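Student: Handing over run.txt, compact mmCIF, C-alpha atoms.
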# COMPACT_ATOMS: atom_id res chain seq x y z
CA MET P 1 -102.99 214.09 45.24
CA ILE P 2 -103.18 210.35 44.60
CA LYS P 3 -100.00 208.68 43.41
CA PRO P 4 -100.61 206.40 40.40
CA LEU P 5 -99.97 202.72 41.02
CA LEU P 6 -99.04 201.95 37.41
CA SER P 7 -96.40 203.64 35.34
CA PRO P 8 -97.35 205.11 31.96
CA HIS P 9 -94.98 202.60 30.35
CA THR P 10 -96.85 199.68 31.93
CA LEU P 11 -100.17 201.03 30.65
CA TYR P 12 -98.62 201.53 27.20
CA VAL P 13 -97.37 197.93 27.07
CA TRP P 14 -100.73 196.56 28.25
CA ARG P 15 -102.57 198.67 25.66
CA HIS P 16 -100.23 197.44 22.93
CA ARG P 17 -100.81 193.80 23.96
CA ARG P 18 -104.58 194.44 24.43
CA GLN P 19 -104.31 193.18 28.01
CA GLY P 20 -105.04 196.23 30.11
CA PRO P 21 -108.07 198.28 30.99
CA PRO P 22 -110.26 199.75 28.23
CA SER P 23 -108.96 203.01 26.80
CA PHE P 24 -109.63 205.44 23.99
CA ARG P 25 -107.87 208.24 22.14
CA MET P 26 -109.03 211.84 22.49
CA GLY P 27 -108.08 215.23 21.13
CA PRO P 28 -105.99 216.40 18.20
CA ARG P 29 -102.84 214.73 19.54
CA GLY P 30 -104.64 211.44 20.15
CA ARG P 31 -103.86 211.18 23.84
CA VAL P 32 -104.79 207.88 25.43
CA MET P 33 -107.48 208.27 28.07
CA TYR P 34 -108.98 205.92 30.68
CA ARG P 35 -112.37 206.32 32.37
CA LEU P 36 -112.09 206.01 36.14
CA GLU P 37 -115.13 203.70 36.24
CA ALA P 38 -113.52 201.42 33.63
CA LEU P 39 -110.26 201.33 35.58
CA ASP P 40 -112.10 200.48 38.81
CA SER P 41 -114.08 197.66 37.21
CA TRP P 42 -110.98 196.29 35.45
CA VAL P 43 -108.99 196.27 38.70
CA ARG P 44 -111.94 194.60 40.47
CA ALA P 45 -112.08 191.90 37.79
CA GLN P 46 -108.34 191.29 38.17
CA GLU P 47 -108.75 190.93 41.94
CA GLU P 48 -111.61 188.44 41.52
CA ALA P 49 -109.53 186.35 39.09
CA ASP P 50 -106.58 186.20 41.50
CA ALA P 51 -106.55 183.30 43.96
CA ARG P 52 -104.80 185.41 46.58
CA SER P 53 -107.67 187.94 46.59
CA ASN P 54 -110.55 185.54 46.03
CA PRO P 55 -110.93 182.82 48.69
CA ALA P 56 -113.12 180.74 46.36
CA LEU P 57 -110.17 180.31 43.97
CA ASN P 58 -107.57 179.63 46.65
CA PRO P 59 -106.42 175.97 46.35
CA LEU P 60 -105.68 175.90 50.07
CA ASN P 61 -109.40 176.34 50.82
CA VAL P 62 -110.38 173.21 48.83
CA ALA P 63 -110.96 170.06 50.85
CA SER P 64 -108.33 167.39 50.35
CA ARG P 65 -109.42 164.46 48.16
CA GLY P 66 -106.68 162.13 49.37
CA ARG P 67 -104.25 160.10 47.28
CA SER P 68 -106.81 157.53 46.16
CA ALA P 69 -108.60 160.15 44.03
CA TYR P 70 -105.48 160.57 41.90
CA THR P 71 -104.61 156.93 41.29
CA SER P 72 -106.04 155.05 38.33
CA THR P 73 -106.77 151.34 38.32
Once you've parsed the file, please lay out its structure as C-alpha cells.

Tutor:
Amino acid sequence: MIKPLLSPHTLYVWRHRRQGPPSFRMGPRGRVMYRLEALDSWVRAQEEADARSNPALNPLNVASRGRSAYTST
C-alpha cells in the first residue's frame, strides 16, 4: 500500500483556495475525487515550476552579468 504524501486537510484547503490539483464530486454524498492522471500531471507541473527541480529556472545556473549590468548612468 502506498502512503499518501498529502493529508486530506491539505487537499481540502487547496481545493477551497482553488490552488490544488483538479478534482470533482461524485456519488450521493458528494465525495471529492481526484483522477490519478490529473494528480500526476499537476505534481509534474509543480516540479517544473520549482527552481530546485528545474535546472533551467535555478538562478545559480545563470551566468553572472557583473556589477556593471546593474548600474545606471

Student: Could you work out how far atom CA of Ser23 of chain P lies from atom CA of Leu39 of chain P, giving the answer in Å with one decimal?

Tutor: 9.0 Å

Student: Expressed in Å to a single decimal, how great is the separation between atom CA of Arg31 of chain P and atom CA of His9 of chain P?

Tutor: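 Answer for the atom CA of Arg31 of chain P to atom CA of His9 of chain P separation: 14.0 Å.
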
Student: Would you work out the distance separating atom CA of Ser53 of chain P from atom CA of His16 of chain P, expressed in Å to one decimal?

Tutor: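 Taking atom CA of Ser53 of chain P and atom CA of His16 of chain P, their separation equals 26.6 Å.
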
Student: Of the candidates P:Ser7, P:Met33, P:Ala51, P:Ala56, which one gets nearest to Pro21 of chain P if we count only C-alpha atoms?

Tutor: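 Of P:Ser7, P:Met33, P:Ala51, P:Ala56, the one nearest Pro21 of chain P is P:Met33, counting only C-alpha atoms.
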
Student: Counting all atoms listed in the file, which of P:Pro22, P:Leu57, P:Trp14, P:Asp50 gets nearest to Arg35 of chain P?

Tutor: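 Checking each of P:Pro22, P:Leu57, P:Trp14, P:Asp50 against Arg35 of chain P, counting all atoms listed in the file, the winner is P:Pro22.
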
Student: In terms of the shortest atom-to-atom distance over all atoms listed in the file, which of P:Glu47, P:Pro8, P:Gln19, P:Leu60 is closest to Val32 of chain P?

Tutor: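 Among the listed residues, P:Pro8 lies closest to Val32 of chain P.
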
Student: Determine the axis-aligned bounding box of all atoms of segment 10-26 of chain P present in the file, pad each side by 3 Å, and express its centre and edge lengths in Å to one decimal place as lines of an AutoDock Vina configuration file.

Tutor:
center_x = -103.6
center_y = 202.5
center_z = 27.0
size_x = 19.4
size_y = 24.7
size_z = 15.8
